[in-house]
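Right, one structure below, let's go through it.
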Amino acid sequence: MTIKKIAAAASALAMLVGATSASADNWRYAMEEALTDPQGMYALKFKEVIEANSDHTVQIFPIGSLGESADAMEQAQAGLLQFIDQSPGFTGAMIPEAEAFLVPYVQPTDPQEVRKFFKEGVAVNEMFHDSYREQGLELLAMFPEGEMVVTTMEEFRTPEDMEGMKIRTMTSPLLLETYKAFGASPIAMPWGELIGALKTNMVDGQENPTVWIEAYDLDNLTKVMTYTGHGQYTTAVMANAEFYDGLSDEDKALVQKASQEALDYILDVAVELDAIGLKKIQESNPDYKIVRLTDEEREAFKERAKLVEAAFIERAGPRGEAILEQMKKDLEAARQ
């Protein structure tokens, strides 16, 4: 974003919030989803806790309010926003270590294991802070929005079955590497182009949690939904570091309290949304084929995932490698 664009964004925000300054009690929070989606539900809980325990207010800007994801991030780094929620699929170019969440089979899928992994894991709670700080951001929380599920036109159970399948991914180099390793022909494209691409056969499939698949009728645009068990759709909530450092100790404690209460809330809600999404798909589309790969079938994909790990380490360096190894340990600990 150019200086001119940042200035324009600042002007627009000023009009939206009554020309309050960065130090005012009205805190601005941008995200990639709508208020009824997981990021929105987290944001609303965060807002509720802040406003119930202080005189501060939180103004939430849902998807599209402030431009594309890159625009919102630049506004957060520039101090025009106090808080922002973005997934590693979008921030990975800026923070390569965050793409560890895109490496297949290093996160659990069982709900209780997921809760333990995100609440107690060393990687999630201790190792990412410096990486975000270097970009002018204070990392507040990372949370899952649901297990990633693949929808396609044809059934697959092996990497060989995926040969030639055009799978849409977010605009992340590591996701492209993932589906290449899985045997498919991945195509990176923005979310807004996905439905049209499925309707015109530009792509044969995509990955998302079931809540998104049901909400946007992606099951009616494909024929098979496959649980590969390869990971969660994960996102991160951040504060502008300069803003955060300028808060009083009391307000810092309040922000941390709101972050953690919202995290506890969303860890339960995300599981419920996944189950609701699957139930709605089964009720509205009873002929839709739902496949869960067996442990034996997943092994072939896990073996291919080693190529993705190597690509991640090449991009993220020694710090990324250390994070990835710790995530594997946290995964094992969550299973005990």
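In the structure tokens, chains take letters A, B, ... by order of appearance, with residues numbered from 1 within each chain and ligands from 1 in the order shown.
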Considering only C-alpha atoms, tabulate each residue of region 57-142 of chain A that lies at most 10 Å from region 27-50 of chain A along with its nearest interatomic pair and the corresponding distance in Å to one decimal; arrange the rows by chain and ascending residue number and present them as a tab-separated table.
```
residue	atom	partner	partner_atom	distance
A:Thr57	CA	A:Trp27	CA	6.1
A:Val58	CA	A:Trp27	CA	4.7
A:Gln59	CA	A:Arg28	CA	4.9
A:Ile60	CA	A:Tyr29	CA	4.8
A:Phe61	CA	A:Ala30	CA	4.6
A:Pro62	CA	A:Ala34	CA	5.2
A:Ile63	CA	A:Glu32	CA	4.6
A:Gly64	CA	A:Glu32	CA	7.6
A:Ser65	CA	A:Ala30	CA	8.2
A:Leu66	CA	A:Ala30	CA	7.9
A:Glu68	CA	A:Glu32	CA	8.6
A:Ser69	CA	A:Glu32	CA	6.7
A:Ala72	CA	A:Ala30	CA	7.0
A:Met73	CA	A:Ala30	CA	8.7
A:Gln75	CA	A:Ala30	CA	9.5
A:Ala76	CA	A:Ala30	CA	8.4
A:Gly79	CA	A:Arg28	CA	10.0
A:Leu80	CA	A:Arg28	CA	8.0
A:Leu81	CA	A:Arg28	CA	5.2
A:Gln82	CA	A:Arg28	CA	5.3
A:Phe83	CA	A:Tyr29	CA	4.4
A:Ile84	CA	A:Ala30	CA	4.7
A:Asp85	CA	A:Met31	CA	4.7
A:Gln86	CA	A:Glu32	CA	6.3
A:Ser87	CA	A:Glu32	CA	8.3
A:Phe90	CA	A:Glu32	CA	9.9
```
- Select from region 29-268 of chain A everything DSSP, run on the backbone, classes as strand (DSSP E or B), then give the selection as an NGL selection string. :A and (29-30 or 57-61 or 64 or 67 or 83-86 or 137-147 or 149-152 or 166-169 or 185-188 or 205-208 or 224-227 or 232-240)
Create the file for the chosen residues now, containing N, CA and C atoms and written as a short mmCIF file (atom, residue, chain, number, x, y, z; two decimals), in the first residue's frame.
```cif
data_model
loop_
_atom_site.label_atom_id
_atom_site.label_comp_id
_atom_site.auth_asym_id
_atom_site.auth_seq_id
_atom_site.Cartn_x
_atom_site.Cartn_y
_atom_site.Cartn_z
N TYR A 29 -10.74 -2.94 15.22
CA TYR A 29 -10.41 -4.38 15.10
C TYR A 29 -10.90 -4.86 13.73
N ALA A 30 -9.96 -5.29 12.88
CA ALA A 30 -10.32 -5.78 11.53
C ALA A 30 -10.10 -7.29 11.44
N THR A 57 -14.32 1.06 24.08
CA THR A 57 -15.20 0.41 23.11
C THR A 57 -14.35 -0.22 22.02
N VAL A 58 -14.89 -1.24 21.38
CA VAL A 58 -14.19 -1.93 20.29
C VAL A 58 -15.07 -1.87 19.05
N GLN A 59 -14.56 -1.32 17.97
CA GLN A 59 -15.29 -1.23 16.71
C GLN A 59 -14.74 -2.29 15.76
N ILE A 60 -15.59 -3.18 15.30
CA ILE A 60 -15.16 -4.31 14.49
C ILE A 60 -15.41 -4.02 13.01
N PHE A 61 -14.42 -4.29 12.19
CA PHE A 61 -14.52 -4.12 10.74
C PHE A 61 -14.47 -5.51 10.08
N GLY A 64 -13.82 -7.07 3.98
CA GLY A 64 -14.15 -6.13 2.92
C GLY A 64 -14.33 -4.70 3.36
N GLY A 67 -10.81 -2.96 2.58
CA GLY A 67 -10.03 -3.43 1.45
C GLY A 67 -9.68 -4.90 1.58
N PHE A 83 -6.20 -3.69 16.38
CA PHE A 83 -6.22 -5.16 16.39
C PHE A 83 -6.54 -5.68 14.99
N ILE A 84 -6.01 -6.87 14.68
CA ILE A 84 -6.30 -7.49 13.39
C ILE A 84 -6.25 -9.01 13.55
N ASP A 85 -7.10 -9.69 12.81
CA ASP A 85 -7.15 -11.16 12.79
C ASP A 85 -6.89 -11.61 11.36
N GLN A 86 -5.79 -12.34 11.15
CA GLN A 86 -5.48 -12.89 9.82
C GLN A 86 -4.85 -14.26 9.96
N LEU A 137 3.95 -6.28 15.42
CA LEU A 137 2.69 -6.86 15.87
C LEU A 137 2.88 -7.60 17.19
N GLU A 138 1.92 -7.47 18.08
CA GLU A 138 1.89 -8.22 19.33
C GLU A 138 0.91 -9.37 19.16
N LEU A 139 1.42 -10.60 19.17
CA LEU A 139 0.57 -11.77 18.99
C LEU A 139 -0.23 -12.02 20.27
N LEU A 140 -1.55 -12.07 20.14
CA LEU A 140 -2.44 -12.25 21.29
C LEU A 140 -2.99 -13.66 21.39
N ALA A 141 -3.34 -14.26 20.27
CA ALA A 141 -3.93 -15.60 20.31
C ALA A 141 -3.87 -16.24 18.94
N MET A 142 -3.76 -17.55 18.92
CA MET A 142 -3.92 -18.34 17.70
C MET A 142 -5.02 -19.35 17.98
N PHE A 143 -5.93 -19.52 17.02
CA PHE A 143 -7.01 -20.47 17.27
C PHE A 143 -7.45 -21.16 15.97
N PRO A 144 -7.99 -22.38 16.10
CA PRO A 144 -8.46 -23.13 14.94
C PRO A 144 -9.91 -22.77 14.62
N GLU A 145 -10.23 -22.78 13.34
CA GLU A 145 -11.61 -22.51 12.92
C GLU A 145 -12.33 -23.77 12.46
N GLY A 146 -11.62 -24.89 12.45
CA GLY A 146 -12.24 -26.14 12.03
C GLY A 146 -11.27 -27.01 11.24
N GLU A 147 -11.53 -28.30 11.22
CA GLU A 147 -10.67 -29.23 10.48
C GLU A 147 -10.80 -28.98 8.98
N VAL A 149 -11.11 -29.89 5.26
CA VAL A 149 -11.71 -30.99 4.52
C VAL A 149 -11.61 -30.66 3.03
N VAL A 150 -11.38 -31.67 2.21
CA VAL A 150 -11.19 -31.46 0.78
C VAL A 150 -12.46 -31.86 0.03
N THR A 151 -12.98 -30.97 -0.80
CA THR A 151 -14.13 -31.31 -1.65
C THR A 151 -13.66 -31.41 -3.09
N THR A 152 -14.09 -32.45 -3.79
CA THR A 152 -13.65 -32.71 -5.16
C THR A 152 -14.81 -33.26 -5.99
N LYS A 166 -7.40 -30.40 -10.23
CA LYS A 166 -7.07 -28.98 -10.06
C LYS A 166 -7.71 -28.50 -8.74
N ILE A 167 -6.88 -28.33 -7.73
CA ILE A 167 -7.35 -27.97 -6.39
C ILE A 167 -7.03 -26.51 -6.10
N ARG A 168 -8.07 -25.75 -5.78
CA ARG A 168 -7.85 -24.34 -5.41
C ARG A 168 -7.27 -24.25 -4.01
N THR A 169 -6.26 -23.39 -3.85
CA THR A 169 -5.71 -23.10 -2.53
C THR A 169 -5.69 -21.58 -2.32
N SER A 185 -2.89 -30.91 -8.94
CA SER A 185 -2.41 -29.74 -9.69
C SER A 185 -3.04 -28.50 -9.05
N PRO A 186 -2.39 -27.93 -8.04
CA PRO A 186 -3.00 -26.83 -7.30
C PRO A 186 -3.02 -25.52 -8.09
N ILE A 187 -4.04 -24.72 -7.81
CA ILE A 187 -4.18 -23.39 -8.40
C ILE A 187 -4.48 -22.40 -7.28
N ALA A 188 -3.61 -21.41 -7.08
CA ALA A 188 -3.83 -20.40 -6.05
C ALA A 188 -4.76 -19.33 -6.58
N GLY A 205 -11.75 -28.78 -7.23
CA GLY A 205 -11.98 -28.93 -5.81
C GLY A 205 -11.27 -27.87 -5.00
N GLN A 206 -11.38 -27.98 -3.68
CA GLN A 206 -10.80 -26.99 -2.76
C GLN A 206 -10.77 -27.58 -1.35
N GLU A 207 -10.16 -26.85 -0.41
CA GLU A 207 -10.16 -27.28 0.99
C GLU A 207 -10.71 -26.17 1.87
N ASN A 208 -11.48 -26.57 2.89
CA ASN A 208 -12.04 -25.64 3.86
C ASN A 208 -12.67 -26.44 5.01
N VAL A 224 -17.79 -35.00 -3.75
CA VAL A 224 -17.20 -35.80 -2.67
C VAL A 224 -16.51 -34.87 -1.67
N MET A 225 -16.68 -35.18 -0.40
CA MET A 225 -15.98 -34.46 0.66
C MET A 225 -15.12 -35.46 1.43
N THR A 226 -13.82 -35.16 1.53
CA THR A 226 -12.88 -36.12 2.10
C THR A 226 -12.17 -35.56 3.32
N TYR A 227 -12.25 -36.30 4.42
CA TYR A 227 -11.50 -35.97 5.63
C TYR A 227 -10.14 -36.65 5.52
N GLN A 232 -5.85 -28.12 10.72
CA GLN A 232 -6.90 -27.17 11.06
C GLN A 232 -6.73 -25.89 10.24
N TYR A 233 -7.84 -25.20 10.00
CA TYR A 233 -7.73 -23.84 9.47
C TYR A 233 -7.46 -22.96 10.68
N THR A 234 -6.28 -22.38 10.74
CA THR A 234 -5.84 -21.64 11.91
C THR A 234 -5.70 -20.15 11.60
N THR A 235 -5.99 -19.32 12.59
CA THR A 235 -5.85 -17.88 12.41
C THR A 235 -5.18 -17.27 13.63
N ALA A 236 -4.74 -16.01 13.49
CA ALA A 236 -4.01 -15.34 14.56
C ALA A 236 -4.58 -13.95 14.82
N VAL A 237 -4.72 -13.60 16.09
CA VAL A 237 -5.18 -12.27 16.48
C VAL A 237 -3.98 -11.48 16.99
N MET A 238 -3.81 -10.28 16.48
CA MET A 238 -2.64 -9.46 16.78
C MET A 238 -3.05 -8.04 17.14
N ALA A 239 -2.19 -7.36 17.89
CA ALA A 239 -2.34 -5.94 18.16
C ALA A 239 -1.17 -5.20 17.55
N ASN A 240 -1.39 -3.95 17.17
CA ASN A 240 -0.27 -3.11 16.77
C ASN A 240 0.67 -3.01 17.97
#
```
- Counting only C-alpha atoms, the option among A:Glu297, A:Gln135, A:Ala78, A:Asp251 closest to Asp161 (chain A): A:Glu297
- Message: Just to confirm, what's the straight-line distance from CA of Ala93 (chain A) to CA of Ala316 (chain A) in Å (one decimal)?
- Response: 10.0 Å
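Among the candidates A:Glu126, A:Asp274, A:Asp249, A:Glu177, the one nearest to Ala215 (chain A) when counting only C-alpha atoms is A:Asp274.
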- Which residue of A:Pro111, A:Gly164, A:Pro173, A:Gly136 approaches Met189 (chain A) most closely, using only C-alpha atoms: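 Under the stated criterion, the closest residue is A:Pro173.
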- Item | Nearest to Ala322 (chain A), chosen from A:Arg133, A:Glu299, A:Leu174, A:Ala100, with only C-alpha atoms counted in the distances |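 Using only C-alpha atoms, Ala322 (chain A) sits closest to A:Ala100.
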- Query: From the list A:Tyr216, A:Met153, A:Leu176, A:Leu263, which residue is nearest Trp191 (chain A) when using only C-alpha atoms?
  - Reply: A:Tyr216
Per residue of region 92-161 of chain A within 8 Å of region 303-311 of chain A, which atom pair is closest and at what distance in Å (one decimal), using only C-alpha atoms, listed by chain and increasing number, as CSV?
```
residue,atom,partner,partner_atom,distance
A:Val103,CA,A:Glu309,CA,6.3
A:Pro104,CA,A:Ala305,CA,6.0
A:Tyr105,CA,A:Ala305,CA,7.6
```
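Considering only C-alpha atoms, the residue among A:Gln282, A:Thr91, A:Asn53, A:Asn201 positioned nearest to Leu221 (chain A) is A:Asn201.
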- Message: I'd like the interatomic distance between CA of Ser131 (chain A) and CA of Val269 (chain A), to a tenth of an Å.
- Response: 28.2 Å
- Query: Quick one: residues within 12 Å of Ile281 (chain A), only C-alpha atoms counted, chain neighbours fewer than 2 positions away excluded, as a list in words?
  - Reply: Thr210, Val211, Trp212, Ile213, Glu214, Ala215, Tyr216, Asp217, Leu218, Asp219, Asn220, Lys223, Val224, Met225, Asp274, Ala275, Ile276, Gly277, Leu278, Lys279, Glu283, Ser284, Asn285, Pro286, Asp287, Tyr288, Lys289 and Ile290 of chain A
- Output as a PyMOL selection string all residues of region 150-321 of chain A that backbone DSSP marks as alpha helix (DSSP H). chain A and resi 173-181+194-199+210-215+241-245+249-284+295-321
